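Asks: Just passing along the structure, written as structure tokens.
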Amino acid sequence: MLDSVIFYFFAGLAVISAILTVTRRNAVHSAIFLITALLATAGIFLQLRAEFLFIVQIILYVGGIMVLFVFVIMLVNLDLAVRQMQFARQKWVALLISLALAAQVGVMLWSTGKLPGQGLPVSQAISADKLPMNSEAVAHSLFSSYLLPFEIASVLLLVAMIGAVVMAKKRT
Amino acid sequence: MQAVIQATLDFLKAYWAPLLCGLVIVAVLPLIAGYIVLVERKLMADMQARLGPMRVGPHGLLQPIADAVKLLIKEDIIPEDADKLVFWLAPVLSVGAALLSLAGLAIGPAFQVAKGINIGILFVVGVSAMGIYGIVLGGWASNSHYSLMGALRSSAQLVSYETAAGMALVSGLLFAGTLNVTSIVEAQRDQGIWFGLLAPVAFFTYLVASIAETNRAPFDLPEAESELVAGYMTEYSGFRWALYFLGEYTNMIVVASVATTLFLGGWLRPFPNTHWLNFLDFFPALMMFLIGVYCVMRAPKQPAKVQTLFMLAVAGLCFVLAFILVAPLLIPIAKPSLAAAVKPFADGILGSFWFLLKVSVYLYFFMWLRFTIPRYRFDQLMRLGWHFLIPLSIINVLVMGIAMIVGSYLHLAGGWLLLVTIPASVLALIVALYILSLEQKSAATEQARAASDSYAG
Amino acid sequence: MLSIEHYLFLGLALFIIGVIGVVTRRNVIVVLMSIELILNAVNINLVAFSRLYGDVAGQVFALFIIADAAAEAAVGLGIIIAFFRNRETVLADEMDLLKW
């Protein structure tokens with residue numbers, strides 16, 4: 001019961017924030033609603049008992065990436081002139097194609113014949129109180145089975161850091 | 001409908017203790033933050049050879065209440081063309097992030113809102129990092145260029161020192177082996193030594209980084225600008241400004257609590273494992289008793305009768321606290337049959353007292369630094385963060401890991417680990433200072449080259 | 001009782017809203033933000049399946065996706081800043097340097 005309440009709350013918050021993100025005229029408002037959507041996603045992770053991912057989402061996504069976005073928005077939109085048209089000229093065609101994609105995936109999900117609530121319950125493999133400690137399990141997996149992707153990810157972040165600094169530097 | 005009510009009652013029955021702790025924190029914290037401001041003003045006065053607030057209540061003890069009333073009844077000014085929603089939201093974000101991060105802290109063995117959460121310390125650090133949005137959005141919503149620049153500077157400072165603080169925490173966590181707050185303190189009890197002594201460089205780095213994280217002197221250029229020119233708090237008046245300050249002082253309590261938990265032994269008394277030092281358990285009660293005696297002695301010397309009565313009331317409060325602190329220790333001596341029942345209370349109450357004492361010492365050190373050291377310029381601040389603290393903390397993680405491996409190979413444990421960690425810390429410090437000197441040399445040559453260019457042109 | 005379809009529909013909804021944002025908006029920064037929405041939808045799916053089968057590999061994969069999104073956002077915003085310095089615009093329609 002509590003699980004369902006938490007899920008519906010965070011799911012509703014995520015969808016509403018996402019819709020507001022892509023429709024706001026002011027880019028800073030879009031950023032604020034994206035922050036709310038990311039926090040709602042973190043809440044869904046917490047509800048799925050993925051505690052380490054919950055806090056990583058908050059530290060990296062909300063506390064890192066979105067701060068970067070907000071900084072850049074404030075640096076490039078200083079004149080605050082938002083009288084321009086916000087949606088591209090091809091918006092109706094684009095909307096139609098996106099809805100066709102949604103219908104496609106929706107039909108695929110519908111064809112399983114099970115409404116939400118009748119399919120596989122999410123806690124079927126392990127019930128919530130018998131889960132292993134999440135941080136330890138993720139750390140164990142990350143440093144034994146997935147050590148190579150971990151090291152490659154660190155090289156990727158180094159490359160991205162150097163690239164971003166080089167690109168944003170002023171040419172003296 | 002019946003199922004909803006039943007589910008709510010089940011929830012309340014299962015989680016009433018954490019909910020009560022959360023309620024206590026939210027209710028009590030604004031008052032405590034106000035009194036921390038008073039303590040700071042009195043300390044500032046003492047270090048400047050004056051008396052501080054003395055008029056409102058005896059020795060100025062009612063000053064925070066007067067300040068709160070003043071801020072509540074002030075006019076609420078919103079700049080023209082400011083974005084009203086974001087203007088309202090920014091202080092709320094600042095305070096909300098700070099208060100939410102308090103949920104992950106354990107003030108004693110039994111007082112924690114998010115009880116037994118697996119990611120303990122990381123939760124506190126991560127959620128308190130969300131306070132950056134309060135600053136950035138506040139500066140943007142004020143619709144003034146100076147506010148925006150001040151806000152961007154302040155948040156750049158916060159982001160820069162967050163990495164150093166996190167890495168310093170990692171060095172301490174290497175010894176704890178877990179992120180769970182209760183387990184960290186129990187690890188310090190089992191190893192018999194505070195992790196701040198085992199990893200002094202990490203403690204020093206976290207100390208400096210936490211001062212920068214909370215915008216305190218000597219790193220308070222964004223805030224001091226708001227006294228001199230402009231900053232993100234300029235357009236905020238009355239209660240909104242009070243919310244920002246509440247957020248800042250709550251942040252101070254949060255970083256002090258994190259440092260206490262990880263580096264200063266949390267709620268353990270000094271030397272928790274040596275039994276012949278058990279008389280130290282009476283120290284909290286003795287301290288409160290002595291404060292009460294001091295208040296009683298000062299009471300007759302007050303100028304007005306109302307103030308005398310107030311001092312006697314404060315003394316009475318101290319005596320009551322002393323009694324509460326000594327009762328769980330005396331009951332097992334008087335009635336040994338009740339010893340087992342009283343032990344959780346003893347641990348809880350005494351542990352909370354030691355924890356709050358250590359947090360107060362840490363905050364005293366913050367305030368002491370504020371009144372002693374001049375302010376850092378912004379580029380000096382950034383250079384200290386990026387060129388000294390971040391290399392220092394990363395190298396410290398590396399050498400602490402090596403020291404731990406060497407220590408486990410030599411079967412060292414507890415206090416004997418100091419034999420390996422102290423040389424490792426000294427090595428880390430030497431390497432980091434060398435890197436800083438290299439950077440200073442290159443910065444000096446760059447400046448010399450630029451100066452000679454301008455003369456040539 | 002929550003089943004896997006709940007999470008799949010939520011992921012689908014966020015994905016479609018992200019796609020609509022990417023193909024419809026003119027402001028390149030909002031396009032980048034919609035891409036972050038798409039990545040989050042994928043993460044929700046991964047973590048839901050990880051919980052369904054009790055395997056932590058889904059969460060590790062989601063962790064790598066978050067790290068990857070950070071790198072991509074940093075580089076993308078660096079490009080936008082460099083472009084803005086030259087052309088003073090962030091609207092996708094006006095970024096037509098290669099057109100005749």
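Letters A, B, ... mark the chains of the structure tokens in the order given; residue numbers begin at 1 per chain; ligand numbers begin at 1, in order shown.
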Which residues of chain B are close to chain A, meaning at most 8 Å apart when you count only C-alpha atoms, and how do they look as a PyMOL selection string?

Replies: chain B and resi 7+118-119+122-123+126-127+129-130+132-133+140+152

Asks: Atoms to include: N, CA and C atoms. Write the selected residues as a PDB file, in the first residue's frame.

Replies:
```
ATOM      1  N   ALA B   7      -3.968   1.374   6.795  1.00  0.00           N
ATOM      2  CA  ALA B   7      -2.578   1.453   6.330  1.00  0.00           C
ATOM      3  C   ALA B   7      -1.863   2.621   6.990  1.00  0.00           C
ATOM      4  N   ASN B 118      21.083   2.863   4.375  1.00  0.00           N
ATOM      5  CA  ASN B 118      22.300   2.200   3.942  1.00  0.00           C
ATOM      6  C   ASN B 118      23.371   3.180   3.500  1.00  0.00           C
ATOM      7  N   ILE B 119      22.976   4.330   2.968  1.00  0.00           N
ATOM      8  CA  ILE B 119      23.904   5.260   2.356  1.00  0.00           C
ATOM      9  C   ILE B 119      24.191   6.443   3.252  1.00  0.00           C
ATOM     10  N   LEU B 122      26.546   9.657   2.763  1.00  0.00           N
ATOM     11  CA  LEU B 122      26.433  10.133   1.389  1.00  0.00           C
ATOM     12  C   LEU B 122      25.107  10.874   1.195  1.00  0.00           C
ATOM     13  N   PHE B 123      24.061  10.411   1.885  1.00  0.00           N
ATOM     14  CA  PHE B 123      22.770  11.086   1.807  1.00  0.00           C
ATOM     15  C   PHE B 123      22.894  12.517   2.317  1.00  0.00           C
ATOM     16  N   GLY B 126      24.985  14.618  -0.156  1.00  0.00           N
ATOM     17  CA  GLY B 126      24.321  14.863  -1.424  1.00  0.00           C
ATOM     18  C   GLY B 126      23.159  15.826  -1.311  1.00  0.00           C
ATOM     19  N   VAL B 127      22.320  15.646  -0.287  1.00  0.00           N
ATOM     20  CA  VAL B 127      21.149  16.505  -0.182  1.00  0.00           C
ATOM     21  C   VAL B 127      21.555  17.923   0.198  1.00  0.00           C
ATOM     22  N   ALA B 129      24.107  19.351  -0.817  1.00  0.00           N
ATOM     23  CA  ALA B 129      24.631  19.989  -2.021  1.00  0.00           C
ATOM     24  C   ALA B 129      23.529  20.629  -2.837  1.00  0.00           C
ATOM     25  N   MET B 130      22.265  20.261  -2.591  1.00  0.00           N
ATOM     26  CA  MET B 130      21.182  20.864  -3.348  1.00  0.00           C
ATOM     27  C   MET B 130      20.929  22.296  -2.934  1.00  0.00           C
ATOM     28  N   ILE B 132      22.809  24.621  -3.336  1.00  0.00           N
ATOM     29  CA  ILE B 132      23.387  25.520  -4.345  1.00  0.00           C
ATOM     30  C   ILE B 132      22.294  26.205  -5.145  1.00  0.00           C
ATOM     31  N   TYR B 133      21.174  25.463  -5.406  1.00  0.00           N
ATOM     32  CA  TYR B 133      20.124  26.061  -6.226  1.00  0.00           C
ATOM     33  C   TYR B 133      19.493  27.250  -5.539  1.00  0.00           C
ATOM     34  N   TRP B 140      19.533  34.878  -9.657  1.00  0.00           N
ATOM     35  CA  TRP B 140      18.920  35.102 -10.969  1.00  0.00           C
ATOM     36  C   TRP B 140      17.583  35.779 -10.830  1.00  0.00           C
ATOM     37  N   LEU B 152      26.645  33.564  -9.029  1.00  0.00           N
ATOM     38  CA  LEU B 152      27.465  32.622  -9.788  1.00  0.00           C
ATOM     39  C   LEU B 152      28.809  32.409  -9.106  1.00  0.00           C
TER      40      LEU B 152
END
```

Asks: Can you pull out the residues contacting Leu77 in chain C? Cut-off 10 Å, using only C-alpha atoms, and skip same-chain residues under 6 positions away; I want them as a VMD selection string.

Replies: (chain A and resid 68 to 69 71 to 73 164 167 to 168) or (chain C and resid 28 to 29 32 83)

Asks: Near Ala48 in chain C, within 8 Å and counting only C-alpha atoms, which residues show up once chain neighbours fewer than 6 positions away are dropped, as a ChimeraX atom specification?

Replies: /A:48,122 /C:4,7

Asks: I'd like to know which of B:Leu312, B:Val397, B:Ile77, B:Leu286 is closest to Ser171 in chain B, using only C-alpha atoms.

Replies: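 Comparing B:Leu312, B:Val397, B:Ile77, B:Leu286 against Ser171 in chain B, the winner is B:Val397.
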
Asks: Mind the document's chain letters and residue numbers, and return as a count of residues only the residues of range 45-98 of chain C that DSSP labels alpha helix (DSSP H).

Replies: 40

Asks: For range 89-101 of chain B, work out the shell of residues within 9 Å, counting only C-alpha atoms and skipping chain neighbours fewer than 6 positions away, then give it as a PyMOL selection string.

Replies: chain B and resi 25-26+29+123-139+141+240-251+254

Asks: Would you write out those residues with C-alpha atoms, as a PDB file, in the first residue's frame?

Replies:
```pdb
ATOM      1  CA  ILE B  25      14.287  18.723  14.614  1.00  0.00           C
ATOM      2  CA  VAL B  26      11.986  20.889  12.506  1.00  0.00           C
ATOM      3  CA  LEU B  29      16.050  24.034  14.815  1.00  0.00           C
ATOM      4  CA  PHE B 123      22.770  11.086   1.807  1.00  0.00           C
ATOM      5  CA  VAL B 124      23.684  14.012   4.052  1.00  0.00           C
ATOM      6  CA  VAL B 125      26.418  15.254   1.711  1.00  0.00           C
ATOM      7  CA  GLY B 126      24.321  14.863  -1.424  1.00  0.00           C
ATOM      8  CA  VAL B 127      21.149  16.505  -0.182  1.00  0.00           C
ATOM      9  CA  SER B 128      22.997  19.432   1.388  1.00  0.00           C
ATOM     10  CA  ALA B 129      24.631  19.989  -2.021  1.00  0.00           C
ATOM     11  CA  MET B 130      21.182  20.864  -3.348  1.00  0.00           C
ATOM     12  CA  GLY B 131      21.376  24.131  -1.420  1.00  0.00           C
ATOM     13  CA  ILE B 132      23.387  25.520  -4.345  1.00  0.00           C
ATOM     14  CA  TYR B 133      20.124  26.061  -6.226  1.00  0.00           C
ATOM     15  CA  GLY B 134      18.884  28.357  -3.485  1.00  0.00           C
ATOM     16  CA  ILE B 135      21.853  30.621  -4.171  1.00  0.00           C
ATOM     17  CA  VAL B 136      21.888  30.471  -7.960  1.00  0.00           C
ATOM     18  CA  LEU B 137      18.147  30.871  -8.460  1.00  0.00           C
ATOM     19  CA  GLY B 138      18.014  33.593  -5.795  1.00  0.00           C
ATOM     20  CA  GLY B 139      20.631  35.614  -7.616  1.00  0.00           C
ATOM     21  CA  ALA B 141      15.441  35.908  -9.715  1.00  0.00           C
ATOM     22  CA  ARG B 240      13.054  35.669   3.106  1.00  0.00           C
ATOM     23  CA  TRP B 241      16.461  36.891   4.254  1.00  0.00           C
ATOM     24  CA  ALA B 242      15.862  35.172   7.588  1.00  0.00           C
ATOM     25  CA  LEU B 243      15.210  31.933   5.694  1.00  0.00           C
ATOM     26  CA  TYR B 244      18.537  32.273   3.871  1.00  0.00           C
ATOM     27  CA  PHE B 245      20.360  32.798   7.136  1.00  0.00           C
ATOM     28  CA  LEU B 246      18.512  29.921   8.754  1.00  0.00           C
ATOM     29  CA  GLY B 247      19.671  27.784   5.836  1.00  0.00           C
ATOM     30  CA  GLU B 248      23.254  28.908   6.271  1.00  0.00           C
ATOM     31  CA  TYR B 249      23.401  28.176   9.997  1.00  0.00           C
ATOM     32  CA  THR B 250      21.633  24.846   9.510  1.00  0.00           C
ATOM     33  CA  ASN B 251      24.278  24.025   6.900  1.00  0.00           C
ATOM     34  CA  VAL B 254      25.130  19.753   9.171  1.00  0.00           C
TER      35      VAL B 254
END
```

Asks: Closest to chain C among A:Phe33, A:Phe7, A:Phe87, A:Trp110, using only C-alpha atoms?

Replies: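 Closest residue, counting only C-alpha atoms: A:Phe87.
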
Asks: Please find the residues of chain C near chain A - the criterion being any atom within 6 Å, counting only C-alpha atoms - and write them as a PyMOL selection string.

Replies: chain C and resi 2-6+21+24-26+52-54+70-71+74-75+78+82

Asks: Those same residues - N, CA and C atoms - I'd like them written as an mmCIF file, in the first residue's frame.

Replies:
```
data_model
loop_
_atom_site.group_PDB
_atom_site.id
_atom_site.type_symbol
_atom_site.label_atom_id
_atom_site.label_comp_id
_atom_site.auth_asym_id
_atom_site.auth_seq_id
_atom_site.Cartn_x
_atom_site.Cartn_y
_atom_site.Cartn_z
ATOM 1 N N LEU C 2 2.447 -3.549 -7.130
ATOM 2 C CA LEU C 2 3.062 -2.935 -8.302
ATOM 3 C C LEU C 2 3.670 -4.011 -9.178
ATOM 4 N N SER C 3 3.382 -3.940 -10.470
ATOM 5 C CA SER C 3 3.964 -4.906 -11.394
ATOM 6 C C SER C 3 4.913 -4.187 -12.315
ATOM 7 N N ILE C 4 5.612 -4.972 -13.138
ATOM 8 C CA ILE C 4 6.646 -4.386 -13.976
ATOM 9 C C ILE C 4 6.048 -3.424 -15.003
ATOM 10 N N GLU C 5 4.763 -3.671 -15.381
ATOM 11 C CA GLU C 5 4.183 -2.796 -16.403
ATOM 12 C C GLU C 5 4.044 -1.367 -15.919
ATOM 13 N N HIS C 6 3.830 -1.191 -14.614
ATOM 14 C CA HIS C 6 3.755 0.180 -14.093
ATOM 15 C C HIS C 6 4.994 0.960 -14.481
ATOM 16 N N GLY C 21 10.266 16.811 -26.900
ATOM 17 C CA GLY C 21 11.081 17.979 -26.611
ATOM 18 C C GLY C 21 12.245 18.112 -27.575
ATOM 19 N N THR C 24 10.935 19.174 -31.194
ATOM 20 C CA THR C 24 10.022 20.299 -31.335
ATOM 21 C C THR C 24 10.625 21.632 -30.939
ATOM 22 N N ARG C 25 11.522 21.659 -29.921
ATOM 23 C CA ARG C 25 11.967 22.940 -29.413
ATOM 24 C C ARG C 25 13.075 23.536 -30.249
ATOM 25 N N ARG C 26 13.133 24.884 -30.268
ATOM 26 C CA ARG C 26 14.167 25.584 -31.023
ATOM 27 C C ARG C 26 15.409 25.830 -30.195
ATOM 28 N N LEU C 52 13.195 -6.621 -10.617
ATOM 29 C CA LEU C 52 12.350 -7.766 -10.934
ATOM 30 C C LEU C 52 13.131 -9.058 -10.851
ATOM 31 N N TYR C 53 14.379 -9.057 -11.340
ATOM 32 C CA TYR C 53 15.157 -10.291 -11.378
ATOM 33 C C TYR C 53 16.176 -10.377 -10.262
ATOM 34 N N GLY C 54 16.213 -9.372 -9.362
ATOM 35 C CA GLY C 54 17.125 -9.439 -8.238
ATOM 36 C C GLY C 54 18.585 -9.353 -8.619
ATOM 37 N N ALA C 70 26.623 12.783 -17.801
ATOM 38 C CA ALA C 70 27.377 13.925 -17.298
ATOM 39 C C ALA C 70 28.417 14.364 -18.314
ATOM 40 N N ALA C 71 29.168 13.383 -18.865
ATOM 41 C CA ALA C 71 30.188 13.729 -19.847
ATOM 42 C C ALA C 71 29.563 14.404 -21.063
ATOM 43 N N ALA C 74 28.406 17.951 -20.381
ATOM 44 C CA ALA C 74 29.514 18.897 -20.270
ATOM 45 C C ALA C 74 30.028 19.286 -21.642
ATOM 46 N N VAL C 75 30.274 18.279 -22.487
ATOM 47 C CA VAL C 75 30.809 18.589 -23.811
ATOM 48 C C VAL C 75 29.791 19.359 -24.648
ATOM 49 N N GLY C 78 29.686 22.870 -23.609
ATOM 50 C CA GLY C 78 30.885 23.559 -24.056
ATOM 51 C C GLY C 78 30.761 23.987 -25.511
ATOM 52 N N ALA C 82 30.793 27.800 -27.034
ATOM 53 C CA ALA C 82 31.710 28.216 -28.093
ATOM 54 C C ALA C 82 30.930 28.784 -29.271
#
```

Asks: What lies within 8 Å of Arg269 in chain B using only C-alpha atoms, ignoring chain neighbours under 2 positions off, as JSON, numbers by chain?

Replies: {"B": [265, 267, 271, 272, 280, 281, 351, 354]}

Asks: To one decimal place, how far is CA of Lys301 in chain B from CA of Ile65 in chain B in Å?

Replies: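 Computing it gives 24.2 Å between the two atoms.
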
Asks: Would you pick out the contacts of range 17-19 of chain C at 6 Å or less, using only C-alpha atoms, so that residues sharing its chain but fewer than 5 positions from it are not included, and give the list as a PyMOL selection string?

Replies: chain C and resi 34+37-38
